[in-house]
$ cat run_19.pdb   # PDB, C-alpha atoms and all ligand atoms
ATOM      1  CA  MET A1336       0.000   0.000   0.000
ATOM      2  CA  LYS A1337       1.147   3.557  -0.554
ATOM      3  CA  ASN A1338      -0.161   6.920   0.558
ATOM      4  CA  ILE A1339      -0.937  10.011  -1.422
ATOM      5  CA  GLU A1340      -0.650  13.135   0.659
ATOM      6  CA  LEU A1341      -2.745  16.128  -0.407
ATOM      7  CA  VAL A1342      -1.372  19.387   0.889
ATOM      8  CA  THR A1343      -3.008  22.785   0.512
ATOM      9  CA  SER A1344      -0.838  25.777   1.199
ATOM     10  CA  VAL A1345      -2.594  28.999   2.195
ATOM     11  CA  GLU A1346      -0.750  32.301   2.431
ATOM     12  CA  VAL A1347      -2.331  34.588   5.007
ATOM     13  CA  LYS A1348      -1.741  38.198   4.010
ATOM     14  CA  THR A1349      -2.673  41.425   5.720
ATOM     15  CA  TYR A1350      -4.199  44.079   3.449
ATOM     16  CA  ASP A1351      -0.856  45.906   3.468
ATOM     17  CA  GLU A1352       0.856  42.824   2.091
ATOM     18  CA  LEU A1353      -1.333  42.507  -1.019
ATOM     19  CA  THR A1354       0.143  43.448  -4.394
ATOM     20  CA  PRO A1355      -1.635  46.408  -6.067
ATOM     21  CA  GLN A1356      -3.358  43.997  -8.463
ATOM     22  CA  GLU A1357      -4.505  41.752  -5.593
ATOM     23  CA  ALA A1358      -5.705  44.767  -3.603
ATOM     24  CA  GLN A1359      -7.735  46.029  -6.577
ATOM     25  CA  LEU A1360      -9.393  42.650  -7.126
ATOM     26  CA  VAL A1361     -10.251  42.242  -3.453
ATOM     27  CA  GLU A1362     -11.688  45.763  -3.368
ATOM     28  CA  LEU A1363     -13.920  44.971  -6.353
ATOM     29  CA  ALA A1364     -15.068  41.707  -4.741
ATOM     30  CA  ARG A1365     -15.914  43.696  -1.604
ATOM     31  CA  ARG A1366     -17.859  46.253  -3.657
ATOM     32  CA  SER A1367     -19.769  43.453  -5.390
ATOM     33  CA  THR A1368     -21.205  42.369  -2.041
ATOM     34  CA  ARG A1369     -23.258  45.597  -2.244
ATOM     35  CA  ARG A1370     -25.023  44.254  -5.325
ATOM     36  CA  SER A1371     -25.883  40.889  -3.804
ATOM     37  CA  TYR A1372     -29.564  39.942  -3.632
ATOM     38  CA  ALA A1373     -29.828  37.921  -0.444
ATOM     39  CA  PRO A1374     -33.247  38.542   1.141
ATOM     40  CA  TYR A1375     -33.311  35.025   2.657
ATOM     41  CA  SER A1376     -29.816  34.440   4.052
ATOM     42  CA  HIS A1377     -28.791  38.093   4.498
ATOM     43  CA  PHE A1378     -25.335  36.834   3.616
ATOM     44  CA  HIS A1379     -23.863  39.015   0.901
ATOM     45  CA  VAL A1380     -21.071  37.553  -1.217
ATOM     46  CA  GLY A1381     -19.100  39.255  -3.980
ATOM     47  CA  ALA A1382     -16.607  37.856  -6.463
ATOM     48  CA  ALA A1383     -14.240  39.499  -8.932
ATOM     49  CA  ILE A1384     -12.307  37.726 -11.672
ATOM     50  CA  LEU A1385      -9.326  39.193 -13.502
ATOM     51  CA  LEU A1386      -9.052  38.004 -17.101
ATOM     52  CA  ASP A1387      -5.982  37.909 -19.344
ATOM     53  CA  ASN A1388      -7.552  40.586 -21.576
ATOM     54  CA  GLY A1389      -7.343  42.999 -18.628
ATOM     55  CA  GLU A1390     -11.073  42.985 -17.929
ATOM     56  CA  ILE A1391     -12.367  42.364 -14.423
ATOM     57  CA  VAL A1392     -15.806  40.813 -14.146
ATOM     58  CA  GLN A1393     -17.804  40.919 -10.947
ATOM     59  CA  GLY A1394     -20.661  38.883  -9.547
ATOM     60  CA  SER A1395     -22.696  38.515  -6.401
ATOM     61  CA  ASN A1396     -25.017  35.904  -4.955
ATOM     62  CA  GLN A1397     -28.534  36.130  -6.320
ATOM     63  CA  GLU A1398     -31.107  34.291  -4.239
ATOM     64  CA  ASN A1399     -34.538  33.128  -5.297
ATOM     65  CA  VAL A1400     -37.724  32.220  -3.470
ATOM     66  CA  ALA A1401     -37.319  28.767  -5.018
ATOM     67  CA  PHE A1402     -34.127  28.352  -2.994
ATOM     68  CA  PRO A1403     -32.107  25.989  -5.221
ATOM     69  CA  SER A1404     -32.594  28.384  -8.138
ATOM     70  CA  GLY A1405     -30.379  30.983  -6.493
ATOM     71  CA  THR A1406     -26.706  31.227  -7.411
ATOM     72  CA  CYS A1407     -23.518  31.943  -5.498
ATOM     73  CA  ALA A1408     -21.347  34.962  -6.261
ATOM     74  CA  GLU A1409     -18.514  32.855  -7.679
ATOM     75  CA  ARG A1410     -20.719  31.122 -10.229
ATOM     76  CA  THR A1411     -22.476  34.372 -11.156
ATOM     77  CA  ALA A1412     -19.038  35.865 -11.874
ATOM     78  CA  CYS A1413     -17.468  32.913 -13.671
ATOM     79  CA  PHE A1414     -20.444  32.269 -15.933
ATOM     80  CA  TYR A1415     -20.697  35.981 -16.659
ATOM     81  CA  ALA A1416     -16.989  35.998 -17.562
ATOM     82  CA  GLY A1417     -17.358  32.902 -19.741
ATOM     83  CA  SER A1418     -20.386  34.239 -21.549
ATOM     84  CA  THR A1419     -19.048  37.775 -22.032
ATOM     85  CA  TYR A1420     -15.433  36.987 -22.913
ATOM     86  CA  PRO A1421     -15.472  33.380 -24.138
ATOM     87  CA  ASP A1422     -11.844  33.478 -25.341
ATOM     88  CA  ALA A1423     -10.320  35.130 -22.292
ATOM     89  CA  LYS A1424      -8.435  33.121 -19.710
ATOM     90  CA  PHE A1425      -8.855  33.574 -15.961
ATOM     91  CA  LYS A1426      -5.863  35.135 -14.169
ATOM     92  CA  MET A1427      -7.012  35.674 -10.579
ATOM     93  CA  ILE A1428     -10.176  35.355  -8.481
ATOM     94  CA  ALA A1429     -11.217  37.219  -5.320
ATOM     95  CA  VAL A1430     -14.173  36.553  -3.009
ATOM     96  CA  ALA A1431     -15.519  38.691  -0.139
ATOM     97  CA  ALA A1432     -18.582  38.466   2.099
ATOM     98  CA  ARG A1433     -20.678  40.471   4.537
ATOM     99  CA  ASP A1434     -23.005  38.845   7.053
ATOM    100  CA  VAL A1435     -26.211  39.979   8.786
ATOM    101  CA  THR A1436     -24.234  42.558  10.761
ATOM    102  CA  GLU A1437     -23.564  44.190   7.349
ATOM    103  CA  ASP A1438     -19.856  44.156   8.145
ATOM    104  CA  PHE A1439     -17.291  42.084   6.275
ATOM    105  CA  VAL A1440     -16.905  38.613   7.757
ATOM    106  CA  MET A1441     -13.902  38.166  10.032
ATOM    107  CA  GLN A1442     -13.041  34.728   8.618
ATOM    108  CA  PRO A1443     -12.649  34.487   4.809
ATOM    109  CA  VAL A1444     -15.491  32.592   3.111
ATOM    110  CA  PRO A1445     -14.348  29.705   0.933
ATOM    111  CA  PRO A1446     -16.410  28.799  -2.162
ATOM    112  CA  CYS A1447     -18.944  25.962  -1.914
ATOM    113  CA  GLY A1448     -18.295  22.654  -3.686
ATOM    114  CA  ALA A1449     -20.324  23.503  -6.793
ATOM    115  CA  CYS A1450     -18.455  26.809  -7.186
ATOM    116  CA  ARG A1451     -15.085  25.086  -6.781
ATOM    117  CA  GLN A1452     -15.982  22.655  -9.563
ATOM    118  CA  SER A1453     -17.247  25.485 -11.802
ATOM    119  CA  LEU A1454     -14.165  27.643 -11.249
ATOM    120  CA  LEU A1455     -11.899  24.652 -11.783
ATOM    121  CA  GLN A1456     -13.217  24.223 -15.299
ATOM    122  CA  TYR A1457     -12.105  27.768 -16.172
ATOM    123  CA  GLU A1458      -8.715  27.211 -14.528
ATOM    124  CA  THR A1459      -8.292  24.070 -16.624
ATOM    125  CA  LEU A1460      -9.265  26.002 -19.774
ATOM    126  CA  ALA A1461      -6.703  28.694 -18.831
ATOM    127  CA  GLY A1462      -3.987  26.034 -18.817
ATOM    128  CA  HIS A1463      -2.271  27.434 -15.709
ATOM    129  CA  ASP A1464      -2.879  27.984 -12.023
ATOM    130  CA  VAL A1465      -5.347  30.729 -11.130
ATOM    131  CA  PRO A1466      -4.703  32.173  -7.647
ATOM    132  CA  VAL A1467      -7.721  32.612  -5.369
ATOM    133  CA  LEU A1468      -7.980  35.409  -2.796
ATOM    134  CA  LEU A1469     -10.481  34.896   0.026
ATOM    135  CA  ALA A1470     -10.989  38.169   1.841
ATOM    136  CA  GLY A1471     -11.626  38.355   5.575
ATOM    137  CA  ARG A1472     -12.050  41.604   7.485
ATOM    138  CA  ASN A1473      -8.361  42.026   8.340
ATOM    139  CA  GLU A1474      -6.645  39.231   6.448
ATOM    140  CA  VAL A1475      -6.767  37.636   3.025
ATOM    141  CA  TYR A1476      -6.166  33.942   2.354
ATOM    142  CA  ARG A1477      -4.239  33.474  -0.885
ATOM    143  CA  LEU A1478      -4.472  30.046  -2.431
ATOM    144  CA  PRO A1479      -2.138  29.235  -5.324
ATOM    145  CA  SER A1480      -4.846  27.752  -7.542
ATOM    146  CA  VAL A1481      -8.462  26.607  -7.763
ATOM    147  CA  LYS A1482      -7.352  22.985  -7.814
ATOM    148  CA  SER A1483      -5.711  23.465  -4.419
ATOM    149  CA  LEU A1484      -9.279  24.048  -3.152
ATOM    150  CA  LEU A1485     -10.525  20.875  -4.821
ATOM    151  CA  PRO A1486      -7.956  18.094  -4.677
ATOM    152  CA  LEU A1487      -8.643  14.811  -6.505
ATOM    153  CA  SER A1488     -11.006  16.716  -8.749
ATOM    154  CA  PHE A1489     -12.862  15.693 -11.873
ATOM    155  CA  THR A1490     -11.385  17.431 -14.919
ATOM    156  CA  ASN A1491     -11.901  14.813 -17.626
ATOM    157  CA  PHE A1492     -13.151  17.003 -20.424
TER
HETATM  158  N1  LIG B1501     -22.723  31.929  -1.042
HETATM  159  C1  LIG B1501     -21.947  32.455  -2.053
HETATM  160  O1  LIG B1501     -22.410  33.269  -2.871
HETATM  161  N2  LIG B1501     -20.658  32.049  -2.128
HETATM  162  C2  LIG B1501     -20.031  31.246  -1.216
HETATM  163  O2  LIG B1501     -18.850  30.988  -1.349
HETATM  164  C3  LIG B1501     -20.791  30.704  -0.089
HETATM  165  C4  LIG B1501     -22.249  30.978  -0.082
HETATM  166  C5  LIG B1501     -24.104  32.406  -0.930
HETATM  167  C6  LIG B1501     -25.176  31.402  -1.210
HETATM  168  C7  LIG B1501     -26.341  32.009  -0.458
HETATM  169  O3  LIG B1501     -26.955  33.017  -1.265
HETATM  170  C8  LIG B1501     -25.703  32.694   0.725
HETATM  171  O4  LIG B1501     -24.327  32.848   0.394
HETATM  172  C9  LIG B1501     -25.829  31.965   2.041
HETATM  173  O5  LIG B1501     -25.490  30.678   1.936
END

$ encode --input "run_19.pdb" --output "structure tokens"
Amino acid sequence: MKNIELVTSVEVKTYDELTPQEAQLVELARRSTRRSYAPYSHFHVGAAILLDNGEIVQGSNQENVAFPSGTCAERTACFYAGSTYPDAKFKMIAVAARDVTEDFVMQPVPPCGACRQSLLQYETLAGHDVPVLLAGRNEVYRLPSVKSLLPLSFTNF
């Protein structure tokens, strides 16, 4: 028998330690939380995706009275990016969230399983790692890639 060890490395950065490009993307993800439609959960999530054509697309969670019909911020943003700029490759992703207190969450919010799988498809299409920034109130988790959030993932396409 042998073991496979799956290791995820997370850099924890203060806001001062972000590069200007990272800081801009996180700021846009934070702003996107203001456009979330979350009358049921009151949990407002924003995502921003930097593309290799220089565009930054934003998305927020959009809930629906038929609960499963609602969509997370990450999927709103990645499907918007894919449908608006079908030839562009993803370069970096940022996610931020505010809770019922209306303030930004202290702990960064990681994407749900469905969003990880959706984002992974675009990382695979890009052909290189796409860093993911998960913004907390005072710190940002920087993951090196989407696949580091979804080890042993299904990418057979
Ligand atoms: N949500 C996101 O938009 N992204 C995440 O990463 C986690 C959860 C949304 C789904 C739902 O509208 C609300 O947050 C509460 O679960």

$ closest_residue --input "run_19.pdb" --among "A:His1463, A:Arg1472, A:Lys1424, A:Arg1370" --to "ligand LIG 1501 (chain B)" --atoms "only C-alpha atoms and all ligand atoms"
A:Arg1370

$ residues_around --input "run_19.pdb" --residues "segment 1353-1364 of chain A" --least-positions-apart "2" --cutoff "8 Å" --atoms "all atoms listed in the file" --output "compact mmCIF listing (two decimals) with C-alpha atoms, keeping the file's coordinate frame"
# COMPACT_ATOMS: atom_id res chain seq x y z
CA LYS A 1348 -1.74 38.20 4.01
CA THR A 1349 -2.67 41.42 5.72
CA TYR A 1350 -4.20 44.08 3.45
CA ASP A 1351 -0.86 45.91 3.47
CA ARG A 1366 -17.86 46.25 -3.66
CA SER A 1367 -19.77 43.45 -5.39
CA THR A 1368 -21.20 42.37 -2.04
CA GLY A 1381 -19.10 39.26 -3.98
CA ALA A 1382 -16.61 37.86 -6.46
CA ALA A 1383 -14.24 39.50 -8.93
CA ILE A 1384 -12.31 37.73 -11.67
CA LEU A 1385 -9.33 39.19 -13.50
CA ILE A 1391 -12.37 42.36 -14.42
CA GLN A 1393 -17.80 40.92 -10.95
CA GLY A 1394 -20.66 38.88 -9.55
CA ILE A 1428 -10.18 35.35 -8.48
CA ALA A 1429 -11.22 37.22 -5.32
CA VAL A 1430 -14.17 36.55 -3.01
CA ALA A 1431 -15.52 38.69 -0.14
CA LEU A 1468 -7.98 35.41 -2.80
CA ALA A 1470 -10.99 38.17 1.84

$ residues_near_ligand --input "run_19.pdb" --ligand "ligand LIG 1501 (chain B)" --cutoff "10 Å" --atoms "all atoms listed in the file" --output "PyMOL selection string"
chain A and resi 1368+1371-1382+1394-1399+1402-1403+1405-1412+1430-1434+1443-1451+1469

$ atom_distance --input "run_19.pdb" --atom1 "atom CA of Gly1471 of chain A" --atom2 "atom CA of Met1427 of chain A"
17.0 Å

$ residues_around --input "run_19.pdb" --residues "Tyr1420 of chain A" --least-positions-apart "2" --cutoff "10 Å" --atoms "only C-alpha atoms" --output "ChimeraX atom specification"
/A:1386,1388,1390,1392,1414-1418,1422-1424

$ write_last_selection --input "run_19.pdb" --atoms "C-alpha atoms" --output "PDB file, in the coordinates of the input"
ATOM      1  CA  LEU A1386      -9.052  38.004 -17.101  1.00  0.00           C
ATOM      2  CA  ASN A1388      -7.552  40.586 -21.576  1.00  0.00           C
ATOM      3  CA  GLU A1390     -11.073  42.985 -17.929  1.00  0.00           C
ATOM      4  CA  VAL A1392     -15.806  40.813 -14.146  1.00  0.00           C
ATOM      5  CA  PHE A1414     -20.444  32.269 -15.933  1.00  0.00           C
ATOM      6  CA  TYR A1415     -20.697  35.981 -16.659  1.00  0.00           C
ATOM      7  CA  ALA A1416     -16.989  35.998 -17.562  1.00  0.00           C
ATOM      8  CA  GLY A1417     -17.358  32.902 -19.741  1.00  0.00           C
ATOM      9  CA  SER A1418     -20.386  34.239 -21.549  1.00  0.00           C
ATOM     10  CA  ASP A1422     -11.844  33.478 -25.341  1.00  0.00           C
ATOM     11  CA  ALA A1423     -10.320  35.130 -22.292  1.00  0.00           C
ATOM     12  CA  LYS A1424      -8.435  33.121 -19.710  1.00  0.00           C
TER      13      LYS A1424
END

$ atom_distance --input "run_19.pdb" --atom1 "atom CA of Glu1346 of chain A" --atom2 "atom CA of Val1465 of chain A"
14.4 Å

$ atom_distance --input "run_19.pdb" --atom1 "atom CA of Leu1460 of chain A" --atom2 "atom CA of Ser1483 of chain A"
16.0 Å

$ closest_residue --input "run_19.pdb" --among "A:Val1440, A:Ala1461, A:Cys1413, A:Met1336" --to "Lys1426 of chain A" --atoms "all atoms listed in the file"
A:Ala1461

$ residues_around --input "run_19.pdb" --residues "Phe1492 of chain A" --least-positions-apart "4" --cutoff "12 Å" --atoms "all atoms listed in the file" --output "JSON, numbers by chain"
{"A": [1455, 1456, 1457, 1459, 1460, 1488]}

$ axis_aligned_box --input "run_19.pdb" --around "segment 1363-1374 of chain A" --padding-each-side "4 Å" --output "JSON"
{"center_x": -23.6, "center_y": 42.1, "center_z": -2.6, "size_x": 27.3, "size_y": 16.3, "size_z": 15.5}

$ closest_residue --input "run_19.pdb" --among "A:Lys1337, A:Val1345, A:Tyr1476, A:Phe1425" --to "Gly1389 of chain A" --atoms "all atoms listed in the file"
A:Phe1425

$ residues_near_point --input "run_19.pdb" --point "(-2.6, 22.9, -9.9)" --cutoff "6 Å" --atoms "all atoms listed in the file" --output "JSON, numbers by chain"
{"A": [1464, 1480, 1482]}

$ closest_residue --input "run_19.pdb" --among "A:Leu1487, A:Val1481, A:Glu1340, A:Ala1401" --to "Ser1453 of chain A" --atoms "all atoms listed in the file"
A:Val1481

$ build_atoms --input "run_19.pdb" --residues "segment 1408-1436 of chain A" --atoms "N, CA and C atoms" --output "mmCIF file, keeping the file's coordinate frame"
data_model
loop_
_atom_site.group_PDB
_atom_site.id
_atom_site.type_symbol
_atom_site.label_atom_id
_atom_site.label_comp_id
_atom_site.auth_asym_id
_atom_site.auth_seq_id
_atom_site.Cartn_x
_atom_site.Cartn_y
_atom_site.Cartn_z
ATOM 1 N N ALA A 1408 -22.092 33.882 -5.619
ATOM 2 C CA ALA A 1408 -21.347 34.962 -6.261
ATOM 3 C C ALA A 1408 -20.294 34.425 -7.241
ATOM 4 N N GLU A 1409 -19.606 33.379 -6.850
ATOM 5 C CA GLU A 1409 -18.514 32.855 -7.679
ATOM 6 C C GLU A 1409 -19.034 32.336 -9.012
ATOM 7 N N ARG A 1410 -20.182 31.637 -8.952
ATOM 8 C CA ARG A 1410 -20.719 31.122 -10.229
ATOM 9 C C ARG A 1410 -21.340 32.240 -11.052
ATOM 10 N N THR A 1411 -21.972 33.219 -10.403
ATOM 11 C CA THR A 1411 -22.476 34.372 -11.156
ATOM 12 C C THR A 1411 -21.314 34.992 -11.938
ATOM 13 N N ALA A 1412 -20.182 35.195 -11.235
ATOM 14 C CA ALA A 1412 -19.038 35.865 -11.874
ATOM 15 C C ALA A 1412 -18.399 34.998 -12.948
ATOM 16 N N CYS A 1413 -18.209 33.712 -12.678
ATOM 17 C CA CYS A 1413 -17.468 32.913 -13.671
ATOM 18 C C CYS A 1413 -18.315 32.642 -14.909
ATOM 19 N N PHE A 1414 -19.617 32.488 -14.740
ATOM 20 C CA PHE A 1414 -20.444 32.269 -15.933
ATOM 21 C C PHE A 1414 -20.622 33.581 -16.711
ATOM 22 N N TYR A 1415 -20.655 34.671 -15.992
ATOM 23 C CA TYR A 1415 -20.697 35.981 -16.659
ATOM 24 C C TYR A 1415 -19.410 36.184 -17.471
ATOM 25 N N ALA A 1416 -18.282 35.861 -16.852
ATOM 26 C CA ALA A 1416 -16.989 35.998 -17.562
ATOM 27 C C ALA A 1416 -16.967 35.105 -18.804
ATOM 28 N N GLY A 1417 -17.390 33.859 -18.620
ATOM 29 C CA GLY A 1417 -17.358 32.902 -19.741
ATOM 30 C C GLY A 1417 -18.287 33.305 -20.869
ATOM 31 N N SER A 1418 -19.416 33.901 -20.502
ATOM 32 C CA SER A 1418 -20.386 34.239 -21.549
ATOM 33 C C SER A 1418 -20.101 35.593 -22.184
ATOM 34 N N THR A 1419 -19.353 36.449 -21.481
ATOM 35 C CA THR A 1419 -19.048 37.775 -22.032
ATOM 36 C C THR A 1419 -17.733 37.760 -22.816
ATOM 37 N N TYR A 1420 -16.765 37.053 -22.280
ATOM 38 C CA TYR A 1420 -15.433 36.987 -22.913
ATOM 39 C C TYR A 1420 -15.049 35.522 -23.099
ATOM 40 N N PRO A 1421 -15.677 34.828 -24.041
ATOM 41 C CA PRO A 1421 -15.472 33.380 -24.138
ATOM 42 C C PRO A 1421 -14.031 32.962 -24.433
ATOM 43 N N ASP A 1422 -13.224 33.860 -25.007
ATOM 44 C CA ASP A 1422 -11.844 33.478 -25.341
ATOM 45 C C ASP A 1422 -10.823 33.887 -24.281
ATOM 46 N N ALA A 1423 -11.265 34.635 -23.303
ATOM 47 C CA ALA A 1423 -10.320 35.130 -22.292
ATOM 48 C C ALA A 1423 -10.028 34.044 -21.256
ATOM 49 N N LYS A 1424 -8.813 34.085 -20.743
ATOM 50 C CA LYS A 1424 -8.435 33.121 -19.710
ATOM 51 C C LYS A 1424 -8.464 33.800 -18.338
ATOM 52 N N PHE A 1425 -8.827 33.030 -17.320
ATOM 53 C CA PHE A 1425 -8.855 33.574 -15.961
ATOM 54 C C PHE A 1425 -7.417 33.784 -15.467
ATOM 55 N N LYS A 1426 -7.194 34.880 -14.754
ATOM 56 C CA LYS A 1426 -5.863 35.135 -14.169
ATOM 57 C C LYS A 1426 -5.866 35.108 -12.640
ATOM 58 N N MET A 1427 -6.940 35.621 -12.055
ATOM 59 C CA MET A 1427 -7.012 35.674 -10.579
ATOM 60 C C MET A 1427 -8.472 35.845 -10.153
ATOM 61 N N ILE A 1428 -8.796 35.303 -9.000
ATOM 62 C CA ILE A 1428 -10.176 35.355 -8.481
ATOM 63 C C ILE A 1428 -10.147 35.895 -7.052
ATOM 64 N N ALA A 1429 -11.094 36.751 -6.710
ATOM 65 C CA ALA A 1429 -11.217 37.219 -5.320
ATOM 66 C C ALA A 1429 -12.662 37.067 -4.859
ATOM 67 N N VAL A 1430 -12.832 36.737 -3.595
ATOM 68 C CA VAL A 1430 -14.173 36.553 -3.009
ATOM 69 C C VAL A 1430 -14.215 37.289 -1.667
ATOM 70 N N ALA A 1431 -15.328 37.991 -1.415
ATOM 71 C CA ALA A 1431 -15.519 38.691 -0.139
ATOM 72 C C ALA A 1431 -16.957 38.473 0.312
ATOM 73 N N ALA A 1432 -17.217 38.671 1.592
ATOM 74 C CA ALA A 1432 -18.582 38.466 2.099
ATOM 75 C C ALA A 1432 -18.874 39.368 3.285
ATOM 76 N N ARG A 1433 -20.155 39.753 3.372
ATOM 77 C CA ARG A 1433 -20.678 40.471 4.537
ATOM 78 C C ARG A 1433 -21.817 39.647 5.120
ATOM 79 N N ASP A 1434 -21.933 39.623 6.432
ATOM 80 C CA ASP A 1434 -23.005 38.845 7.053
ATOM 81 C C ASP A 1434 -24.135 39.752 7.532
ATOM 82 N N VAL A 1435 -25.032 39.215 8.346
ATOM 83 C CA VAL A 1435 -26.211 39.979 8.786
ATOM 84 C C VAL A 1435 -25.844 41.272 9.504
ATOM 85 N N THR A 1436 -24.658 41.328 10.075
ATOM 86 C CA THR A 1436 -24.234 42.558 10.761
ATOM 87 C C THR A 1436 -23.916 43.647 9.742
#
